[in-house]
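Contents: one structure, followed by commentary.
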Amino acid sequence: MTTSQPAVSTAEAVPFNKQPRDWKKIGIIVLFCALPIALLVVFTYLPFFQMCGYSFYKMKYIGTPKFIGFKNYTDIFTRPDLLATLKLSLYYMVGALIQVALALYLATVLAFKVKGGSFFKGAIFFPYLINGIAIGFIFKFFYTRGYVLDSVLQWCGFSLDNLPYWLRDQKVNNWSLVASSVWRYLGQTMILFIGAIMSIDGSLYEAAEIDGANKWQQFKHIILPGIQTILVLNIILSITGSLSAFEAPYVITSGANGTGTFFVQMDKIAHSDQKVGLASAMAVVLLVIIMICALLQKIIMNYLFRDADDGTAKARKHAQKVEKARKKAMRQQNKVAVGAAPLFKNGSSAKTETAVES
Amino acid sequence: MNVKKIAAAGIAAACLISVAACGGNGSADSNNKSGVTYLEIKLGETGKDLKAEITFFNGRTDMGLASYPGKNWESYMKDFNEMYPGIKVKVQTDSNYADSALTRLQANNDSWDVMMIPAVDRSEFSNYFVSYGATEDMDKEIKLANEKAYDGQTYGIATDGQTSGVVYNVKVFKDAGVTELPKTPEEFQAALKKVKENTKAIPLYTNFAEAWAMGAWDAYIGGNATGDPKFMNQVMPHDKTPFKKDDKAPDTHPYAVYKTLYDAVANGYTEEDYSTTDWESSKGRINNGEIATMVLGAWAVPQMKQAGDHPDDVQYMPFPITVGGKQYATMAGNYSMGINKNSDADRQQAAMIFVKWMTEKSGYAKNEGGIPIVKSDDSLPDTYEHFKDVELIVDDPAKEGEEDLFADINSDSELGINNGNGKKIQDIVTDAANKSKTIDQIMGEWDEKWGAAVESES
């Protein structure tokens with residue numbers, strides 16, 4: 001379909017969709033969409049809107065809810081103990097950035113022919129396959145005094161007296177938790193990167209090499225723009241993930257000792273304090289914060305990659321221009337044939353589609 | 001296109017919507033459909049020919065296994081079927097019971113017949129459960145008839161009674177030179193000190209990593225610390241500063257309980273790295289003398305006796321607080337059994353018979369180290385051999401109209417007394433270890449939260 005685009009130069013040349021509407025096809029599309037949409041609505045949107053509703057009530061799981069308006073929301077923003085837990089997300093955000101950088105590095109190496117490449121890919125991806133609760137238990141023992149980590153460090157020449165208590169010492173315990181979560185998700189991020197890098201046309205590297213580009217330049221000008229979408233996606237996923245960090249602090253330290261993230265706090269308020277309304281409001285606030293973060297990242301990424309041009313932006317601009325011109329021509333045509341022309345010419349959506357498709 | 005496939009997809013979608021649509025239908029009939037009350041049932045006579053299948057939902061996953069060292073569910077049901085061959089009891093267990101049970105209740109359907117009542121406000125009992133009979137009459141037959149009662153009706157019967165004390169290892173105490181059981185907080189700290197100095201054992205194991213084990217400290221603040229049966233349900237909901245140090249008797253009241261923990265941590269009498277404690281292995285360690293004491297309910301004693309080769313070394317002592325020269329211990333119910341109001345008449349009657357059998361004939365309470373619930377049975381299980389001079393008291397119920405006041409303040413203040421909230425107690429440990437707050441400061445903060453909730457609820 002992209003091939004037809006260069007031919008479109010004037011408004012008149014845009015072909016109109018002359019085929020009658022294929023109702024059977026539409027029926028199939030609707031039916032195929034119905035199932036996933038039904039699942040989505042029933043298991044995501046309905047509960048979500050219900051939860052938004054809960055957030056305006058003072059309620060327990062069992063009993064009559066009492067409407068209190070926005071009080072739950074004002075509570076969240078006036079209670080320092082709740083907001084302070086968001087600060088812990090900063091630890092996880094730093095971890096997320098390290099995770100993306102490390103994964104990108106490993107992916108760039110492993111996407112090409114390397115000795116034992118499949119083994120390393122497998123080994124690094126493996127932690128992602130383990131259940132999060134199991135990982136929690138693994139790391140609890142990993143960090144226990146005199147167990148795995150301490151033993152390994154002792155082999156390296158550290159003395160036990162100089163080592164901190166990894167989970168007890170409030171200066172390091174959050175970093176210990178972050179490390180476990182980086183360990184777990186690194187493989188997944190890396191596999192996504194490898195997939196994206198492998199889809200880049202190999203001849204580009206050859207051409208670049210002939211032009212005398214070194215490996216770093218190849219990375220900067222071929223790989224990085226080529227995987228831009230996946231890179232942005234990975235960063236957004238890991239940053240939003242770090243805002244809602246839960247499993248590591250919940251299982252390893254049960255949120256005690258200054259490791260209780262926003263999510264862990266929410267769990268306590270919802271379950272042990274049975275303040276369902278307040279917890280729902282917290283969930284809504286967290287969602288809004290995550291949406292703002294994702295939006296900010298999108299803007300920053302767009303700014304950073306403004307020079308990385310792979311031609312799509314230009315093509316899109318061109319298509320917009322053509323569409324504008326065509327619409328203008330249409331309007332003039334309609335003016336001429338008022339009354340005589342049919343009101344709808346095969347449906348308005350069909351027309352725009354042919355022009356913008358890229 | 002294949003019409004069949006399209007139709008199948010359509011049907012699947014329709015099913016999905018219909019599944020989502022159901023749930024949340026309850027009948028408005030009078031709860032007890034069979035009309036037979038607990039007291040009218042004569043075991044072995046009433047409902048002898050009844051044929052029914054009932055579901056018993058509870059949290060004892062361990063008892064569902066054949067490997068359970070005590071008597072397991074299957075064995076109990078075999079005994080029950082000897083008396084009532086027509087009633088088949090299906091046992092359903094869940095390891096995340098407290099949360100799952102609430103979800104099951106919310107559905108408000110007849111997927112269960114007997115359930116261990118989770119955290120439900122008293123005023124809501126009649127919306128979910130069948131009354132066993134008037135509390136006044138029930139009180140003559142069973143202990144703790146008031147615990148799950150509302151408006152003069154009893155909706156739950158405890159499986160067994162529990163008092164709280166301290167699990168300790170006799171041999172470690174002997175080796176350390178502790179000859180007499182400590183009766184006051186100071187004596188307790190002195191005993192821990194001796195253990196620390198004279199043995200290799202950890203004087204007090206906090207089980208910090210398990211929030212529920214930390215939450216167990218709340219169990220001592222009522223009768224144990226005050227000797228007053230009115231304290232929990234009548235005094236505390238009106239007291240804006242229940243956690244304050246009582247200058248006249250600083251070694252009593254909730255303050256003394258939490259200070260015991262604070263001091264033990266601050267003095268270094270607890271495990272070195274509290275953040276990596278492990279519950280499962282702790283049972284074996286107290287059994288073989290690596291741990292001297294753990295502050296937990298009596299239910300833990302049988303488990304710790306079974307966890308190693310020295311069952312006789314694990315014993316139970318009263319919590320070290322003395323009020324006016326006497327030690328007290330609160331007796332409270334374990335989980336209570338409730339009967340579904342949505343079940344049909346036959347199943348309700350079968351359930352009622354089953355509960356009565358559990359209470360009177362099964363021997364469950366004794367087997368699990370609890371106090372029998374039958375009123376006429378005064379015997380105490382072996383666990384309580386050091387409780388001879390201790391007065392067992394039962395908390396008085398709240399005054400009329402204030403049945404849910406404590407629960408509301410508890411939720412409002414987010415302190416979660418006695419509902420498994422161990423976070424606040426974990427904070428005591430970290431503050432004591434890091435010397436970041438004094439016990440007076442912590443109790444002051446709690447009083448602030450509690451006081452604010454008392455004010456907003458009254």
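If you're wondering about the labels, chains in the structure tokens are A, B, ... by order shown, residues count from 1 in each chain, ligands from 1 in order shown.
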
>> Could you list, as number ranges by chain, every residue within 7 Å of Ile221 in chain B, counting only C-alpha atoms and ignoring same-chain residues fewer than 6 positions away?
In response: B: 253-254, 257

Within 6 Å of chain A, which residues of chain B show up when using only C-alpha atoms, listed as a PDB file with C-alpha atoms, in the first residue's frame?
ATOM      1  CA  ALA B  13     -19.150 -14.152  24.547  1.00  0.00           C
ATOM      2  CA  SER B 275      14.780  -8.856  58.833  1.00  0.00           C
ATOM      3  CA  THR B 276      15.520 -12.407  57.718  1.00  0.00           C
ATOM      4  CA  SER B 411     -10.106   0.413  61.279  1.00  0.00           C
ATOM      5  CA  GLU B 414      -5.310   1.984  61.151  1.00  0.00           C
TER       6      GLU B 414
END

With a distance cut-off of 10 Å and only C-alpha atoms, select the neighbouring residues of range 200-207 of chain B, excluding the residue or stretch itself and same-chain residues fewer than 3 positions from it, and output the selection as an mmCIF file with C-alpha atoms, in the first residue's frame.
data_model
loop_
_atom_site.group_PDB
_atom_site.id
_atom_site.type_symbol
_atom_site.label_atom_id
_atom_site.label_comp_id
_atom_site.auth_asym_id
_atom_site.auth_seq_id
_atom_site.Cartn_x
_atom_site.Cartn_y
_atom_site.Cartn_z
ATOM 1 C CA VAL B 167 6.375 -20.335 74.456
ATOM 2 C CA TYR B 168 9.705 -21.182 76.067
ATOM 3 C CA ASN B 169 12.332 -23.881 76.206
ATOM 4 C CA VAL B 172 17.538 -23.368 78.018
ATOM 5 C CA PHE B 173 16.010 -21.638 81.038
ATOM 6 C CA ALA B 176 20.827 -20.207 81.956
ATOM 7 C CA GLN B 189 14.200 -8.946 80.957
ATOM 8 C CA ALA B 191 15.684 -13.899 82.521
ATOM 9 C CA LEU B 192 16.466 -12.958 78.915
ATOM 10 C CA LYS B 193 19.704 -11.426 80.113
ATOM 11 C CA LYS B 194 20.723 -14.630 81.844
ATOM 12 C CA VAL B 195 19.922 -16.619 78.709
ATOM 13 C CA LYS B 196 22.031 -14.284 76.640
ATOM 14 C CA GLU B 197 24.974 -14.448 79.034
ATOM 15 C CA GLU B 210 6.012 -12.677 59.584
ATOM 16 C CA ALA B 211 3.664 -9.756 60.092
ATOM 17 C CA TRP B 212 1.016 -11.975 61.713
ATOM 18 C CA ALA B 213 3.486 -13.313 64.289
ATOM 19 C CA MET B 214 4.316 -9.741 65.257
ATOM 20 C CA LEU B 261 9.282 -6.060 73.179
ATOM 21 C CA ALA B 264 14.197 -6.830 74.564
ATOM 22 C CA VAL B 265 15.242 -5.468 71.172
ATOM 23 C CA GLY B 268 20.041 -6.873 72.269
ATOM 24 C CA TYR B 269 18.139 -9.899 73.552
ATOM 25 C CA THR B 270 16.612 -10.684 70.157
ATOM 26 C CA GLU B 271 18.064 -12.251 67.015
ATOM 27 C CA GLU B 272 20.868 -10.357 65.334
ATOM 28 C CA TYR B 274 15.507 -9.591 62.493
ATOM 29 C CA SER B 275 14.780 -8.856 58.833
ATOM 30 C CA THR B 276 15.520 -12.407 57.718
ATOM 31 C CA THR B 277 13.742 -14.463 60.372
ATOM 32 C CA ASP B 278 12.159 -17.669 59.173
ATOM 33 C CA TRP B 279 8.979 -19.018 60.726
ATOM 34 C CA GLU B 280 9.144 -22.633 59.602
ATOM 35 C CA SER B 282 12.012 -21.302 64.108
ATOM 36 C CA ARG B 285 15.036 -24.182 66.684
ATOM 37 C CA ILE B 286 13.004 -23.577 69.834
ATOM 38 C CA ASN B 288 16.269 -28.064 70.056
ATOM 39 C CA GLY B 289 17.227 -25.160 72.271
ATOM 40 C CA GLU B 290 18.587 -22.570 69.847
ATOM 41 C CA ILE B 291 15.792 -20.206 70.836
ATOM 42 C CA ALA B 292 14.666 -19.582 74.405
ATOM 43 C CA THR B 293 11.318 -17.794 74.047
ATOM 44 C CA MET B 294 8.713 -16.755 71.491
ATOM 45 C CA VAL B 295 5.661 -14.660 72.230
ATOM 46 C CA LEU B 296 2.794 -16.484 70.521
ATOM 47 C CA GLN B 426 7.542 -4.342 63.280
ATOM 48 C CA VAL B 429 11.360 -3.395 66.585
#

>> Can you tell me, as a ChimeraX atom specification, which residues in range 267-439 of chain B count as helix (DSSP H, G or I) by DSSP?
In response: /B:274-276,279-287,300-306,311-313,345-360,364-367,382-387,405-413,423-434,439

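Atom pair CA of Lys388 in chain B / CA of Gly161 in chain B has a distance of 16.5 Å (rounded to one decimal).
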